[in-house]
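Printed here is data_17.txt (compact mmCIF, N, CA and C atoms):
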# COMPACT_ATOMS: atom_id res chain seq x y z
N MET A 1 122.47 -165.29 -39.61
CA MET A 1 122.40 -164.08 -38.81
C MET A 1 121.81 -164.44 -37.45
N THR A 2 122.67 -164.97 -36.59
CA THR A 2 122.20 -165.47 -35.31
C THR A 2 121.94 -164.34 -34.31
N LYS A 3 122.84 -163.37 -34.23
CA LYS A 3 122.60 -162.25 -33.33
C LYS A 3 122.08 -161.08 -34.15
N THR A 4 121.61 -160.04 -33.50
CA THR A 4 121.09 -158.89 -34.21
C THR A 4 122.21 -158.24 -35.02
N ASP A 5 122.02 -158.20 -36.30
CA ASP A 5 123.01 -157.65 -37.22
C ASP A 5 122.81 -156.13 -37.26
N PRO A 6 123.84 -155.34 -36.93
CA PRO A 6 123.69 -153.88 -36.92
C PRO A 6 123.34 -153.30 -38.29
N ARG A 7 123.59 -154.07 -39.35
CA ARG A 7 123.27 -153.58 -40.69
C ARG A 7 121.76 -153.47 -40.90
N ILE A 8 120.97 -154.23 -40.14
CA ILE A 8 119.51 -154.16 -40.27
C ILE A 8 119.03 -152.76 -39.92
N LEU A 9 119.51 -152.22 -38.80
CA LEU A 9 119.13 -150.87 -38.40
C LEU A 9 119.65 -149.84 -39.41
N GLN A 10 120.87 -150.02 -39.89
CA GLN A 10 121.43 -149.09 -40.87
C GLN A 10 120.58 -149.06 -42.14
N ILE A 11 120.14 -150.22 -42.61
CA ILE A 11 119.31 -150.30 -43.81
C ILE A 11 117.97 -149.61 -43.57
N ALA A 12 117.35 -149.88 -42.42
CA ALA A 12 116.04 -149.29 -42.11
C ALA A 12 116.12 -147.76 -42.04
N ILE A 13 117.13 -147.25 -41.36
CA ILE A 13 117.28 -145.80 -41.23
C ILE A 13 117.54 -145.17 -42.59
N ARG A 14 118.39 -145.81 -43.38
CA ARG A 14 118.69 -145.27 -44.72
C ARG A 14 117.46 -145.30 -45.60
N ARG A 15 116.68 -146.39 -45.52
CA ARG A 15 115.44 -146.52 -46.29
C ARG A 15 114.49 -145.38 -45.95
N GLN A 16 114.34 -145.09 -44.66
CA GLN A 16 113.46 -144.00 -44.24
C GLN A 16 114.01 -142.65 -44.73
N GLY A 17 115.33 -142.49 -44.69
CA GLY A 17 115.94 -141.25 -45.17
C GLY A 17 115.69 -141.02 -46.65
N ILE A 18 115.76 -142.10 -47.44
CA ILE A 18 115.49 -141.99 -48.88
C ILE A 18 114.03 -141.61 -49.11
N ALA A 19 113.13 -142.26 -48.40
CA ALA A 19 111.70 -141.94 -48.54
C ALA A 19 111.43 -140.50 -48.14
N ARG A 20 112.11 -140.03 -47.09
CA ARG A 20 111.90 -138.66 -46.61
C ARG A 20 112.43 -137.63 -47.61
N LYS A 21 113.51 -137.98 -48.33
CA LYS A 21 114.02 -137.08 -49.37
C LYS A 21 112.99 -136.89 -50.47
N GLU A 22 112.27 -137.97 -50.78
CA GLU A 22 111.25 -137.90 -51.82
C GLU A 22 109.99 -137.21 -51.34
N ASP A 23 109.70 -137.27 -50.05
CA ASP A 23 108.51 -136.63 -49.48
C ASP A 23 108.88 -136.06 -48.12
N SER A 24 109.20 -134.78 -48.08
CA SER A 24 109.68 -134.14 -46.85
C SER A 24 108.64 -134.10 -45.75
N ARG A 25 107.40 -134.44 -46.06
CA ARG A 25 106.36 -134.49 -45.01
C ARG A 25 106.50 -135.72 -44.12
N LEU A 26 107.24 -136.71 -44.60
CA LEU A 26 107.44 -137.91 -43.79
C LEU A 26 108.32 -137.61 -42.58
N PRO A 27 108.07 -138.27 -41.46
CA PRO A 27 108.86 -138.02 -40.26
C PRO A 27 110.26 -138.62 -40.35
N ARG A 28 111.18 -138.06 -39.55
CA ARG A 28 112.52 -138.64 -39.42
C ARG A 28 112.40 -139.97 -38.70
N TRP A 29 113.46 -140.78 -38.78
CA TRP A 29 113.48 -142.09 -38.14
C TRP A 29 113.11 -142.00 -36.66
N ASP A 30 113.71 -141.04 -35.95
CA ASP A 30 113.45 -140.94 -34.51
C ASP A 30 112.06 -140.42 -34.18
N GLN A 31 111.30 -139.99 -35.19
CA GLN A 31 109.93 -139.52 -34.98
C GLN A 31 108.89 -140.54 -35.42
N LEU A 32 109.34 -141.65 -36.00
CA LEU A 32 108.40 -142.67 -36.47
C LEU A 32 107.73 -143.38 -35.29
N PRO A 33 106.47 -143.75 -35.44
CA PRO A 33 105.83 -144.58 -34.41
C PRO A 33 106.56 -145.93 -34.32
N ALA A 34 106.54 -146.52 -33.15
CA ALA A 34 107.24 -147.79 -32.91
C ALA A 34 106.81 -148.87 -33.90
N GLU A 35 105.52 -148.92 -34.23
CA GLU A 35 105.03 -149.95 -35.15
C GLU A 35 105.65 -149.78 -36.54
N GLU A 36 105.81 -148.54 -36.99
CA GLU A 36 106.41 -148.28 -38.29
C GLU A 36 107.90 -148.62 -38.29
N ARG A 37 108.59 -148.28 -37.20
CA ARG A 37 110.02 -148.66 -37.09
C ARG A 37 110.16 -150.18 -37.11
N ASP A 38 109.30 -150.88 -36.37
CA ASP A 38 109.36 -152.34 -36.34
C ASP A 38 109.11 -152.93 -37.72
N ARG A 39 108.16 -152.34 -38.47
CA ARG A 39 107.87 -152.83 -39.82
C ARG A 39 109.08 -152.63 -40.74
N LEU A 40 109.71 -151.46 -40.66
CA LEU A 40 110.89 -151.19 -41.48
C LEU A 40 112.06 -152.08 -41.09
N LEU A 41 112.23 -152.36 -39.79
CA LEU A 41 113.29 -153.25 -39.34
C LEU A 41 113.07 -154.67 -39.84
N ALA A 42 111.82 -155.15 -39.79
CA ALA A 42 111.52 -156.49 -40.28
C ALA A 42 111.77 -156.57 -41.78
N GLU A 43 111.37 -155.54 -42.51
CA GLU A 43 111.61 -155.49 -43.96
C GLU A 43 113.11 -155.49 -44.26
N SER A 44 113.86 -154.70 -43.50
CA SER A 44 115.31 -154.62 -43.69
C SER A 44 115.99 -155.94 -43.37
N ALA A 45 115.52 -156.62 -42.33
CA ALA A 45 116.09 -157.93 -41.98
C ALA A 45 115.86 -158.93 -43.12
N ALA A 46 114.68 -158.89 -43.73
CA ALA A 46 114.38 -159.79 -44.84
C ALA A 46 115.27 -159.46 -46.04
N TRP A 47 115.46 -158.18 -46.34
CA TRP A 47 116.33 -157.78 -47.45
C TRP A 47 117.77 -158.24 -47.21
N LEU A 48 118.25 -158.02 -46.00
CA LEU A 48 119.63 -158.40 -45.69
C LEU A 48 119.80 -159.92 -45.76
N ARG A 49 118.84 -160.65 -45.22
CA ARG A 49 118.92 -162.12 -45.27
C ARG A 49 118.96 -162.59 -46.73
N ALA A 50 118.14 -161.99 -47.59
CA ALA A 50 118.13 -162.37 -49.01
C ALA A 50 119.47 -162.02 -49.66
N ALA A 51 120.03 -160.87 -49.33
CA ALA A 51 121.32 -160.46 -49.91
C ALA A 51 122.44 -161.39 -49.46
N VAL A 52 122.42 -161.82 -48.19
CA VAL A 52 123.44 -162.75 -47.69
C VAL A 52 123.28 -164.10 -48.38
N GLU A 53 122.05 -164.59 -48.50
CA GLU A 53 121.82 -165.88 -49.14
C GLU A 53 122.21 -165.85 -50.62
N ALA A 54 122.05 -164.69 -51.26
CA ALA A 54 122.43 -164.55 -52.67
C ALA A 54 123.92 -164.23 -52.82
N ARG A 55 124.62 -164.16 -51.69
CA ARG A 55 126.07 -163.86 -51.65
C ARG A 55 126.40 -162.47 -52.17
N LEU A 56 125.44 -161.55 -52.03
CA LEU A 56 125.69 -160.15 -52.38
C LEU A 56 126.27 -159.39 -51.19
N MET A 57 126.04 -159.92 -50.00
CA MET A 57 126.55 -159.35 -48.75
C MET A 57 127.21 -160.46 -47.96
N PRO A 58 128.25 -160.13 -47.17
CA PRO A 58 128.88 -161.18 -46.35
C PRO A 58 128.06 -161.46 -45.09
N LEU A 59 128.30 -162.63 -44.51
CA LEU A 59 127.74 -162.94 -43.19
C LEU A 59 128.26 -161.92 -42.19
N ALA A 60 127.49 -161.62 -41.17
CA ALA A 60 127.96 -160.71 -40.12
C ALA A 60 128.90 -161.44 -39.16
N GLU A 61 128.72 -162.75 -39.03
CA GLU A 61 129.56 -163.53 -38.11
C GLU A 61 130.80 -164.04 -38.84
N ARG A 62 131.87 -164.19 -38.09
CA ARG A 62 133.12 -164.74 -38.62
C ARG A 62 132.88 -166.20 -39.01
N PRO A 63 133.14 -166.57 -40.28
CA PRO A 63 132.90 -167.96 -40.70
C PRO A 63 133.70 -168.98 -39.91
N THR A 64 135.00 -168.71 -39.69
CA THR A 64 135.84 -169.57 -38.87
C THR A 64 136.84 -168.67 -38.14
N ASP A 65 137.55 -169.24 -37.17
CA ASP A 65 138.56 -168.47 -36.44
C ASP A 65 139.71 -168.04 -37.33
N LYS A 66 139.86 -168.69 -38.48
CA LYS A 66 140.95 -168.35 -39.40
C LYS A 66 140.62 -167.14 -40.28
N HIS A 67 139.37 -166.70 -40.28
CA HIS A 67 138.94 -165.59 -41.13
C HIS A 67 139.12 -164.25 -40.41
N ALA A 68 139.59 -163.26 -41.13
CA ALA A 68 139.72 -161.89 -40.62
C ALA A 68 138.76 -161.00 -41.39
N ALA A 69 138.12 -160.07 -40.69
CA ALA A 69 137.16 -159.18 -41.33
C ALA A 69 137.85 -158.17 -42.23
N VAL A 70 137.21 -157.85 -43.33
CA VAL A 70 137.67 -156.81 -44.25
C VAL A 70 136.59 -155.74 -44.26
N TYR A 71 137.00 -154.47 -44.09
CA TYR A 71 136.06 -153.36 -44.00
C TYR A 71 136.34 -152.30 -45.06
N LEU A 72 135.32 -151.53 -45.36
CA LEU A 72 135.43 -150.36 -46.20
C LEU A 72 135.01 -149.18 -45.33
N ASP A 73 135.83 -148.12 -45.27
CA ASP A 73 135.46 -146.98 -44.42
C ASP A 73 134.71 -145.92 -45.23
N ASP A 74 134.41 -144.80 -44.57
CA ASP A 74 133.64 -143.71 -45.19
C ASP A 74 134.33 -143.12 -46.42
N TYR A 75 135.62 -143.32 -46.53
CA TYR A 75 136.40 -142.74 -47.64
C TYR A 75 136.75 -143.78 -48.69
N ASP A 76 136.05 -144.94 -48.64
CA ASP A 76 136.26 -146.05 -49.57
C ASP A 76 137.67 -146.63 -49.50
N GLU A 77 138.29 -146.55 -48.32
CA GLU A 77 139.58 -147.18 -48.10
C GLU A 77 139.36 -148.54 -47.45
N LEU A 78 140.14 -149.53 -47.88
CA LEU A 78 140.02 -150.87 -47.34
C LEU A 78 140.84 -151.04 -46.07
N TRP A 79 140.28 -151.76 -45.11
CA TRP A 79 140.94 -152.08 -43.84
C TRP A 79 140.73 -153.55 -43.56
N ALA A 80 141.62 -154.15 -42.82
CA ALA A 80 141.46 -155.55 -42.41
C ALA A 80 141.88 -155.70 -40.96
N GLU A 81 141.28 -156.68 -40.31
CA GLU A 81 141.68 -156.97 -38.93
C GLU A 81 143.14 -157.36 -38.88
N TYR A 82 143.81 -156.92 -37.86
CA TYR A 82 145.20 -157.31 -37.64
C TYR A 82 145.20 -158.30 -36.49
N PRO A 83 145.66 -159.53 -36.72
CA PRO A 83 145.59 -160.53 -35.65
C PRO A 83 146.40 -160.12 -34.43
N SER A 84 145.75 -160.16 -33.29
CA SER A 84 146.43 -159.83 -32.04
C SER A 84 146.37 -161.04 -31.12
N VAL A 85 147.35 -161.16 -30.28
CA VAL A 85 147.41 -162.27 -29.33
C VAL A 85 147.49 -161.67 -27.93
N PRO A 86 146.59 -161.98 -27.03
CA PRO A 86 145.39 -162.77 -27.28
C PRO A 86 144.36 -161.94 -28.04
N HIS A 87 143.48 -162.61 -28.78
CA HIS A 87 142.46 -161.94 -29.56
C HIS A 87 141.45 -161.28 -28.62
N SER A 88 141.06 -160.07 -28.92
CA SER A 88 140.10 -159.35 -28.10
C SER A 88 139.03 -158.75 -29.00
N ASP A 89 137.76 -159.13 -28.76
CA ASP A 89 136.66 -158.55 -29.53
C ASP A 89 136.35 -157.13 -29.08
N SER A 90 136.78 -156.76 -27.86
CA SER A 90 136.47 -155.42 -27.37
C SER A 90 137.38 -154.37 -27.99
N GLU A 91 138.56 -154.76 -28.46
CA GLU A 91 139.47 -153.84 -29.13
C GLU A 91 140.05 -154.51 -30.36
N THR A 92 139.33 -154.40 -31.46
CA THR A 92 139.76 -155.02 -32.71
C THR A 92 140.78 -154.12 -33.37
N ALA A 93 142.00 -154.62 -33.53
CA ALA A 93 143.04 -153.86 -34.23
C ALA A 93 142.83 -154.03 -35.72
N ILE A 94 142.97 -152.92 -36.46
CA ILE A 94 142.81 -152.99 -37.91
C ILE A 94 143.97 -152.27 -38.59
N VAL A 95 144.23 -152.66 -39.82
CA VAL A 95 145.29 -152.02 -40.62
C VAL A 95 144.71 -151.69 -41.98
N PRO A 96 145.23 -150.62 -42.60
CA PRO A 96 144.84 -150.39 -43.99
C PRO A 96 145.37 -151.55 -44.82
N LEU A 97 144.73 -151.86 -45.90
CA LEU A 97 145.14 -153.03 -46.65
C LEU A 97 146.44 -152.81 -47.41
N VAL A 98 147.45 -152.47 -46.63
CA VAL A 98 148.82 -152.49 -47.10
C VAL A 98 149.57 -153.50 -46.26
N TRP A 99 148.88 -154.06 -45.26
CA TRP A 99 149.40 -155.10 -44.38
C TRP A 99 150.74 -154.73 -43.76
N ALA A 100 150.82 -153.51 -43.25
CA ALA A 100 152.03 -153.04 -42.56
C ALA A 100 151.68 -152.83 -41.10
N SER A 101 152.35 -153.54 -40.20
CA SER A 101 152.00 -153.47 -38.78
C SER A 101 152.15 -152.06 -38.22
N GLU A 102 153.04 -151.25 -38.76
CA GLU A 102 153.19 -149.88 -38.25
C GLU A 102 151.98 -149.01 -38.58
N GLN A 103 151.10 -149.50 -39.46
CA GLN A 103 149.88 -148.79 -39.82
C GLN A 103 148.70 -149.19 -38.92
N CYS A 104 148.91 -150.15 -38.03
CA CYS A 104 147.84 -150.70 -37.20
C CYS A 104 147.23 -149.63 -36.29
N LYS A 105 145.88 -149.63 -36.22
CA LYS A 105 145.14 -148.72 -35.34
C LYS A 105 144.05 -149.52 -34.64
N ILE A 106 143.48 -148.96 -33.59
CA ILE A 106 142.38 -149.61 -32.87
C ILE A 106 141.06 -149.18 -33.52
N LYS A 107 140.31 -150.16 -34.02
CA LYS A 107 139.07 -149.88 -34.75
C LYS A 107 138.09 -149.09 -33.88
N GLN A 108 137.90 -149.48 -32.63
CA GLN A 108 136.93 -148.81 -31.78
C GLN A 108 137.31 -147.35 -31.55
N GLU A 109 138.60 -147.05 -31.44
CA GLU A 109 139.03 -145.67 -31.26
C GLU A 109 138.70 -144.84 -32.49
N MET A 110 138.89 -145.42 -33.67
CA MET A 110 138.55 -144.71 -34.90
C MET A 110 137.05 -144.48 -35.00
N GLU A 111 136.24 -145.46 -34.55
CA GLU A 111 134.78 -145.30 -34.56
C GLU A 111 134.35 -144.19 -33.61
N VAL A 112 134.99 -144.12 -32.44
CA VAL A 112 134.68 -143.05 -31.49
C VAL A 112 134.97 -141.68 -32.11
N GLN A 113 136.00 -141.64 -32.96
CA GLN A 113 136.37 -140.39 -33.63
C GLN A 113 135.49 -140.11 -34.85
N GLY A 114 134.53 -141.00 -35.14
CA GLY A 114 133.56 -140.72 -36.19
C GLY A 114 133.68 -141.53 -37.46
N THR A 115 134.67 -142.42 -37.57
CA THR A 115 134.80 -143.24 -38.77
C THR A 115 133.77 -144.36 -38.73
N THR A 116 133.11 -144.59 -39.84
CA THR A 116 132.14 -145.67 -39.96
C THR A 116 132.74 -146.74 -40.86
N PHE A 117 132.69 -147.98 -40.41
CA PHE A 117 133.21 -149.10 -41.19
C PHE A 117 132.06 -149.97 -41.66
N ARG A 118 132.17 -150.48 -42.88
CA ARG A 118 131.18 -151.39 -43.44
C ARG A 118 131.89 -152.70 -43.73
N LEU A 119 131.40 -153.77 -43.11
CA LEU A 119 131.97 -155.10 -43.35
C LEU A 119 131.67 -155.49 -44.79
N ILE A 120 132.71 -155.83 -45.55
CA ILE A 120 132.49 -156.21 -46.94
C ILE A 120 132.88 -157.65 -47.21
N GLY A 121 133.45 -158.33 -46.23
CA GLY A 121 133.79 -159.73 -46.44
C GLY A 121 134.77 -160.24 -45.42
N TRP A 122 135.26 -161.45 -45.71
CA TRP A 122 136.19 -162.13 -44.80
C TRP A 122 137.35 -162.65 -45.62
N SER A 123 138.56 -162.51 -45.10
CA SER A 123 139.73 -163.09 -45.75
C SER A 123 140.16 -164.33 -44.98
N GLU A 124 140.89 -165.19 -45.61
CA GLU A 124 141.35 -166.39 -44.94
C GLU A 124 142.83 -166.56 -45.17

Let me see the structure of the file written as structure tokens.
Amino acid sequence: MTKTDPRILQIAIRRQGIARKEDSRLPRWDQLPAEERDRLLAESAAWLRAAVEARLMPLAERPTDKHAAVYLDDYDELWAEYPSVPHSDSETAIVPLVWASEQCKIKQEMEVQGTTFRLIGWSE
């Protein structure tokens, strides 16, 4: 995990949300003192690192240029990167895992519209 993995923040926010469900007196994530947010982020980074090392979670970085990301969306539908030439990280094209080019959509556009994707692995 060389660069900041966005999953660390997702884990920390979800962890705080679970704790808040159990005790409604606890503050929301955006109301936590900076020291508490930093502690939860450090804890989440350690959990994620352990999960990656145990192979329960995939690496956030592409293992090789031959690997394409596989995602799970909010509706538990599988998506995969669709190779584009030239490759652009700013506009990642994705397809539902039916591998039909006519199904191809722009991942960032779908995210702007509210779809959340979770990286679940890499295909080769």

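Taking atom CA of A:Pro6 and atom C of A:Gly121 as the two end points, the separation is 15.3 Å.
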
Practice item. Point out the residue among A:Leu119, A:Ile13, A:Ala19, A:Ala69 with the least atom-to-atom distance to A:Leu40, counting only N, CA and C atoms. Key: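 That would be A:Ile13, the residue with the smallest distance to A:Leu40.
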
Exercise for review: Fewer than 4 positions away in the same chain doesn't count, so skip those; otherwise give me all residues within 8 Å of A:Ala45, counting only C-alpha atoms, as an NGL selection string.
Suggested key: :A and (8 or 41 or 49)

Check your understanding: DSSP on the backbone: what in stretch 38-119 of chain A comes out helix (DSSP H, G or I), as a list of chain:residue names?
Key ->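 For stretch 38-119 of chain A, the helix (DSSP H, G or I) set is A:Asp38, A:Arg39, A:Leu40, A:Leu41, A:Ala42, A:Glu43, A:Ser44, A:Ala45, A:Ala46, A:Trp47, A:Leu48, A:Arg49, A:Ala50, A:Ala51, A:Val52, A:Glu53, A:Ser101, A:Glu102, A:Gln103, A:Lys107, A:Gln108, A:Glu109, A:Met110, A:Glu111, A:Val112.
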
**Study point:** Of the listed residues A:Gln31, A:Glu91, A:Ile120, A:Gly17, that which approaches A:Leu56 most closely, counting only N, CA and C atoms
**Key:**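 Going through A:Gln31, A:Glu91, A:Ile120, A:Gly17 one by one, the smallest distance to A:Leu56 is for A:Ile120.
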
Please list as a short mmCIF file (atom, residue, chain, number, x, y, z; two decimals) with N, CA and C atoms, in the frame of the given file every residue within 12 Å of A:Asp65, counting only C-alpha atoms and excluding residues in the same chain fewer than 2 positions away.
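New file result_7.cif:
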data_model
loop_
_atom_site.label_atom_id
_atom_site.label_comp_id
_atom_site.auth_asym_id
_atom_site.auth_seq_id
_atom_site.Cartn_x
_atom_site.Cartn_y
_atom_site.Cartn_z
N GLU A 61 128.72 -162.75 -39.03
CA GLU A 61 129.56 -163.53 -38.11
C GLU A 61 130.80 -164.04 -38.84
N ARG A 62 131.87 -164.19 -38.09
CA ARG A 62 133.12 -164.74 -38.62
C ARG A 62 132.88 -166.20 -39.01
N PRO A 63 133.14 -166.57 -40.28
CA PRO A 63 132.90 -167.96 -40.70
C PRO A 63 133.70 -168.98 -39.91
N HIS A 67 139.37 -166.70 -40.28
CA HIS A 67 138.94 -165.59 -41.13
C HIS A 67 139.12 -164.25 -40.41
N ALA A 68 139.59 -163.26 -41.13
CA ALA A 68 139.72 -161.89 -40.62
C ALA A 68 138.76 -161.00 -41.39
N ALA A 69 138.12 -160.07 -40.69
CA ALA A 69 137.16 -159.18 -41.33
C ALA A 69 137.85 -158.17 -42.23
N PRO A 83 145.66 -159.53 -36.72
CA PRO A 83 145.59 -160.53 -35.65
C PRO A 83 146.40 -160.12 -34.43
N HIS A 87 143.48 -162.61 -28.78
CA HIS A 87 142.46 -161.94 -29.56
C HIS A 87 141.45 -161.28 -28.62
N TRP A 122 135.26 -161.45 -45.71
CA TRP A 122 136.19 -162.13 -44.80
C TRP A 122 137.35 -162.65 -45.62
N SER A 123 138.56 -162.51 -45.10
CA SER A 123 139.73 -163.09 -45.75
C SER A 123 140.16 -164.33 -44.98
N GLU A 124 140.89 -165.19 -45.61
CA GLU A 124 141.35 -166.39 -44.94
C GLU A 124 142.83 -166.56 -45.17
#

Check your understanding: By how many Å are atom N of A:Tyr75 and atom N of A:Pro58 apart?
Key ->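 Answer for the atom N of A:Tyr75 to atom N of A:Pro58 separation: 18.4 Å.
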
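Taking only C-alpha atoms into account, A:Leu9 lies nearest to A:Arg39 out of the set A:Lys21, A:Lys105, A:Arg39, A:Lys66.
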
Practice item. Could you jot down the atom C of A:Glu43 to atom N of A:Thr4 separation for me, Å, one decimal place? Key: 14.4 Å

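For the set A:Ala54, A:Tyr82, A:Trp47, A:Ala42, the residue with the smallest atom-to-atom gap to A:Cys104 is A:Tyr82, counting only N, CA and C atoms.
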
Point to revise | DSSP strand (DSSP E or B) residues within chain A, listed as an MDAnalysis selection string | key: chainID A and resid 68:73 78:81 93:96 105:106 117:123

Write out as AutoDock Vina command-line options an axis-aligned box for stretch 103-116 of chain A: all of its atoms listed in the file, 4 Å added on each side, centre and edge lengths in Å with one decimal.
--center_x 141.6 --center_y -145.4 --center_z -36.1 --size_x 27.0 --size_y 18.6 --size_z 17.6
